[in-house]
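Pasted below: target-v3.pdb, PDB, C-alpha atoms.
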MODEL        1
ATOM      1  CA  MET A   1     104.594 111.110 156.762
ATOM      2  CA  GLU A   2     101.849 113.219 155.151
ATOM      3  CA  LYS A   3     103.791 113.472 151.863
ATOM      4  CA  LYS A   4     104.174 109.677 151.607
ATOM      5  CA  SER A   5     100.435 109.220 152.110
ATOM      6  CA  ASP A   6      99.643 111.827 149.428
ATOM      7  CA  GLU A   7     102.037 110.119 147.005
ATOM      8  CA  ASN A   8     100.457 106.713 147.652
ATOM      9  CA  ASP A   9      96.982 108.167 147.099
ATOM     10  CA  GLU A  10      98.131 109.712 143.819
ATOM     11  CA  LEU A  11      99.633 106.416 142.605
ATOM     12  CA  LYS A  12      96.441 104.580 143.590
ATOM     13  CA  ALA A  13      94.309 106.993 141.540
ATOM     14  CA  ILE A  14      96.615 106.665 138.511
ATOM     15  CA  ARG A  15      96.595 102.868 138.829
ATOM     16  CA  GLU A  16      92.785 102.792 138.874
ATOM     17  CA  GLU A  17      92.768 104.813 135.651
ATOM     18  CA  LYS A  18      95.515 102.960 133.744
ATOM     19  CA  GLU A  19      95.708  99.357 134.957
ATOM     20  CA  GLN A  20      92.806  97.638 133.197
ATOM     21  CA  PRO A  21      93.159  99.452 129.834
ATOM     22  CA  LEU A  22      96.879  98.606 129.807
ATOM     23  CA  LEU A  23      96.270  94.926 130.544
ATOM     24  CA  ASP A  24      93.387  94.680 128.065
ATOM     25  CA  ALA A  25      95.401  96.229 125.248
ATOM     26  CA  PHE A  26      98.802  94.598 125.693
ATOM     27  CA  GLN A  27      98.833  91.486 127.906
ATOM     28  CA  ASP A  28     100.466  88.564 126.041
ATOM     29  CA  THR A  29     100.855  90.502 122.782
ATOM     30  CA  LYS A  30     103.789  90.578 120.398
ATOM     31  CA  MET A  31     105.547  93.931 120.463
ATOM     32  CA  TRP A  32     108.845  95.530 119.472
ATOM     33  CA  PHE A  33     111.133  96.479 122.368
ATOM     34  CA  HIS A  34     113.329  99.532 121.779
ATOM     35  CA  GLU A  35     115.943 101.067 124.044
ATOM     36  CA  LYS A  36     118.824 103.058 122.588
ATOM     37  CA  TYR A  37     120.359 100.703 119.945
ATOM     38  CA  LEU A  38     118.506  97.595 121.088
ATOM     39  CA  LEU A  39     115.507  96.573 118.971
ATOM     40  CA  PHE A  40     113.797  93.171 118.876
ATOM     41  CA  GLU A  41     110.377  91.531 118.718
ATOM     42  CA  THR A  42     109.085  90.042 121.952
ATOM     43  CA  THR A  43     105.997  88.795 123.766
ATOM     44  CA  VAL A  44     105.025  90.885 126.786
ATOM     45  CA  ASN A  45     103.714  89.616 130.118
ATOM     46  CA  ILE A  46     102.476  92.457 132.318
ATOM     47  CA  GLU A  47     102.281  92.329 136.110
ATOM     48  CA  THR A  48     101.006  95.225 138.195
ATOM     49  CA  ASP A  49     101.034  96.259 141.836
ATOM     50  CA  ALA A  50     100.553  99.414 143.908
ATOM     51  CA  TRP A  51     103.958 100.772 142.778
ATOM     52  CA  GLY A  52     103.616 100.270 139.034
ATOM     53  CA  VAL A  53     104.144  97.923 136.122
ATOM     54  CA  ARG A  54     106.626  95.118 135.544
ATOM     55  CA  ILE A  55     106.802  93.739 132.022
ATOM     56  CA  THR A  56     108.611  90.495 131.301
ATOM     57  CA  LEU A  57     109.954  90.294 127.756
ATOM     58  CA  ASP A  58     110.179  86.820 126.247
ATOM     59  CA  SER A  59     111.964  86.654 122.898
ATOM     60  CA  ILE A  60     114.018  84.224 120.862
ATOM     61  CA  ALA A  61     116.250  87.152 119.855
ATOM     62  CA  HIS A  62     117.273  88.097 123.399
ATOM     63  CA  PRO A  63     117.378  86.467 126.851
ATOM     64  CA  THR A  64     114.239  86.976 128.936
ATOM     65  CA  PHE A  65     114.324  90.030 131.197
ATOM     66  CA  THR A  66     111.974  92.429 132.980
ATOM     67  CA  ILE A  67     111.470  96.168 132.573
ATOM     68  CA  SER A  68     109.461  98.329 134.934
ATOM     69  CA  GLY A  69     107.988 101.740 135.555
ATOM     70  CA  ARG A  70     106.038 103.535 138.236
ATOM     71  CA  TRP A  71     102.370 104.331 137.543
ATOM     72  CA  ASP A  72     102.973 108.051 137.116
ATOM     73  CA  MET A  73     105.798 107.435 134.605
ATOM     74  CA  ILE A  74     104.039 104.862 132.378
ATOM     75  CA  ARG A  75     102.577 106.207 129.135
ATOM     76  CA  PHE A  76     100.646 104.205 126.568
ATOM     77  CA  GLY A  77      98.448 104.630 123.531
ATOM     78  CA  ILE A  78      96.772 102.404 120.985
ATOM     79  CA  ASP A  79     100.035 100.891 119.762
ATOM     80  CA  TYR A  80     102.799 101.705 122.262
ATOM     81  CA  ILE A  81     103.917 101.610 125.897
ATOM     82  CA  GLY A  82     106.731 103.763 127.249
ATOM     83  CA  CYS A  83     108.204 104.953 130.489
ATOM     84  CA  ALA A  84     109.172 108.591 130.953
ATOM     85  CA  MET A  85     112.771 109.269 132.028
ATOM     86  CA  VAL A  86     113.787 105.622 131.607
ATOM     87  CA  GLY A  87     114.268 105.199 127.876
ATOM     88  CA  TRP A  88     112.495 101.967 126.983
ATOM     89  CA  SER A  89     109.494 101.701 124.671
ATOM     90  CA  LEU A  90     107.322  98.933 123.270
ATOM     91  CA  TYR A  91     105.562  99.226 119.902
ATOM     92  CA  LYS A  92     103.082  97.015 118.040
ATOM     93  CA  GLU A  93     104.856  97.846 114.757
ATOM     94  CA  CYS A  94     108.622  97.972 114.308
ATOM     95  CA  PRO A  95     109.631 101.625 114.893
ATOM     96  CA  TYR A  96     112.771 101.332 112.715
ATOM     97  CA  PRO A  97     112.156  98.743 109.985
ATOM     98  CA  GLU A  98     115.345  99.866 108.221
ATOM     99  CA  TRP A  99     117.313  98.387 111.162
ATOM    100  CA  ILE A 100     115.918  94.928 110.504
ATOM    101  CA  GLY A 101     117.716  92.939 107.809
ATOM    102  CA  GLU A 102     115.703  91.279 105.108
TER     103      GLU A 102
ENDMDL
END

Rewrite the coordinates I just gave you, this time as structure tokens.
Amino acid sequence: MEKKSDENDELKAIREEKEQPLLDAFQDTKMWFHEKYLLFETTVNIETDAWGVRITLDSIAHPTFTISGRWDMIRFGIDYIGCAMVGWSLYKECPYPEWIGE
């Protein structure tokens, strides 16, 4: 029981640090989704809760779907969002422009 409480406290602290900067930087922005051989431009809609982040991807190139990651696994910077040990990433600029046909 003690371990679960410690884990929840840790996630709460990480959420307080990451949630607002993540939403401010990326909510409703156009980004490039990349996972393995899948690459397409999409609009992101971010929802958060005590567990982590759920990002709905809305694109004309691919059916709408949702990706997620726990607070302690989510990484982001000025122009990207990623989730450790999951494999998906979102970028403001296309990470592999040579994959996109002219």

Exercise for review: Would you kindly identify which residues have an atom no farther than 9 Å from (108.7, 105.6, 130.0), using only C-alpha atoms and the file's own coordinates, and write them out as a list in words?
Suggested key: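 Output: Ser68, Gly69, Arg70, Met73, Ile74, Arg75, Phe76, Ile81, Gly82, Cys83, Ala84, Met85, Val86, Gly87, Trp88 and Ser89 of chain A.
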
Selected residues, C-alpha atoms, written as an mmCIF file, in the coordinates of the input, please.
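Final output, saved to part-v4.cif:
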data_model
loop_
_atom_site.group_PDB
_atom_site.id
_atom_site.type_symbol
_atom_site.label_atom_id
_atom_site.label_comp_id
_atom_site.auth_asym_id
_atom_site.auth_seq_id
_atom_site.Cartn_x
_atom_site.Cartn_y
_atom_site.Cartn_z
ATOM 1 C CA SER A 68 109.461 98.329 134.934
ATOM 2 C CA GLY A 69 107.988 101.740 135.555
ATOM 3 C CA ARG A 70 106.038 103.535 138.236
ATOM 4 C CA MET A 73 105.798 107.435 134.605
ATOM 5 C CA ILE A 74 104.039 104.862 132.378
ATOM 6 C CA ARG A 75 102.577 106.207 129.135
ATOM 7 C CA PHE A 76 100.646 104.205 126.568
ATOM 8 C CA ILE A 81 103.917 101.610 125.897
ATOM 9 C CA GLY A 82 106.731 103.763 127.249
ATOM 10 C CA CYS A 83 108.204 104.953 130.489
ATOM 11 C CA ALA A 84 109.172 108.591 130.953
ATOM 12 C CA MET A 85 112.771 109.269 132.028
ATOM 13 C CA VAL A 86 113.787 105.622 131.607
ATOM 14 C CA GLY A 87 114.268 105.199 127.876
ATOM 15 C CA TRP A 88 112.495 101.967 126.983
ATOM 16 C CA SER A 89 109.494 101.701 124.671
#

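Applied to this file, the PyMOL selection byres ((chain A and resi 45) around 9) selects Phe26, Gln27, Asp28, Thr29, Thr43, Val44, Ile46, Glu47, Arg54, Ile55, Thr56, Leu57 and Asp58 of chain A.
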
Practice item. Work out how far atom CA of Pro97 of chain A is from atom CA of Phe65 of chain A, in Å to one decimal. Key: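 Spanning atom CA of Phe65 of chain A to atom CA of Pro97 of chain A is a straight-line distance of 23.0 Å.
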
Exercise for review: Go through the shown structure with the PyMOL selection byres ((chain A and resi 61) around 9) and write out the matching residues as JSON, numbers by chain.
Suggested key: {"A": [40, 41, 42, 58, 59, 60, 62, 63]}

Check your understanding: In Å, how far is it from atom CA of Thr66 of chain A to atom CA of Lys4 of chain A?
Key ->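 Between atom CA of Thr66 of chain A and atom CA of Lys4 of chain A the gap works out to 26.6 Å.
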
Completion step: segment 50-69 of chain A with N, CA and C atoms as a short mmCIF file (atom, residue, chain, number, x, y, z; two decimals), in the frame of the given file:
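Saved to selection-v6.cif:
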data_model
loop_
_atom_site.label_atom_id
_atom_site.label_comp_id
_atom_site.auth_asym_id
_atom_site.auth_seq_id
_atom_site.Cartn_x
_atom_site.Cartn_y
_atom_site.Cartn_z
N ALA A 50 100.81 98.04 143.46
CA ALA A 50 100.55 99.41 143.91
C ALA A 50 101.62 100.39 143.41
N TRP A 51 102.86 99.92 143.22
CA TRP A 51 103.96 100.77 142.78
C TRP A 51 103.87 101.09 141.29
N GLY A 52 103.62 100.04 140.47
CA GLY A 52 103.62 100.27 139.03
C GLY A 52 103.51 99.00 138.23
N VAL A 53 104.24 98.98 137.12
CA VAL A 53 104.14 97.92 136.12
C VAL A 53 105.49 97.23 135.98
N ARG A 54 105.45 95.91 135.88
CA ARG A 54 106.63 95.12 135.54
C ARG A 54 106.27 94.29 134.32
N ILE A 55 107.08 94.41 133.28
CA ILE A 55 106.80 93.74 132.02
C ILE A 55 107.94 92.79 131.72
N THR A 56 107.62 91.51 131.65
CA THR A 56 108.61 90.50 131.30
C THR A 56 108.60 90.33 129.79
N LEU A 57 109.78 90.41 129.20
CA LEU A 57 109.95 90.29 127.76
C LEU A 57 110.51 88.92 127.44
N ASP A 58 109.79 88.18 126.62
CA ASP A 58 110.18 86.82 126.25
C ASP A 58 110.38 86.78 124.74
N SER A 59 111.63 86.59 124.31
CA SER A 59 111.96 86.65 122.90
C SER A 59 113.01 85.60 122.54
N ILE A 60 112.96 85.13 121.31
CA ILE A 60 114.02 84.22 120.86
C ILE A 60 115.27 85.01 120.48
N ALA A 61 115.13 86.31 120.27
CA ALA A 61 116.25 87.15 119.86
C ALA A 61 117.09 87.67 121.01
N HIS A 62 116.59 87.52 122.24
CA HIS A 62 117.27 88.10 123.40
C HIS A 62 116.87 87.31 124.64
N PRO A 63 117.77 87.15 125.61
CA PRO A 63 117.38 86.47 126.85
C PRO A 63 116.21 87.18 127.54
N THR A 64 115.38 86.42 128.22
CA THR A 64 114.24 86.98 128.94
C THR A 64 114.70 87.93 130.03
N PHE A 65 114.04 89.09 130.12
CA PHE A 65 114.32 90.03 131.20
C PHE A 65 113.08 90.86 131.48
N THR A 66 113.13 91.65 132.55
CA THR A 66 111.97 92.43 132.98
C THR A 66 112.32 93.92 132.99
N ILE A 67 111.37 94.72 132.51
CA ILE A 67 111.47 96.17 132.57
C ILE A 67 110.35 96.65 133.49
N SER A 68 110.49 97.85 134.01
CA SER A 68 109.46 98.33 134.93
C SER A 68 109.33 99.84 134.87
N GLY A 69 108.22 100.31 135.45
CA GLY A 69 107.99 101.74 135.56
C GLY A 69 106.89 102.02 136.56
#
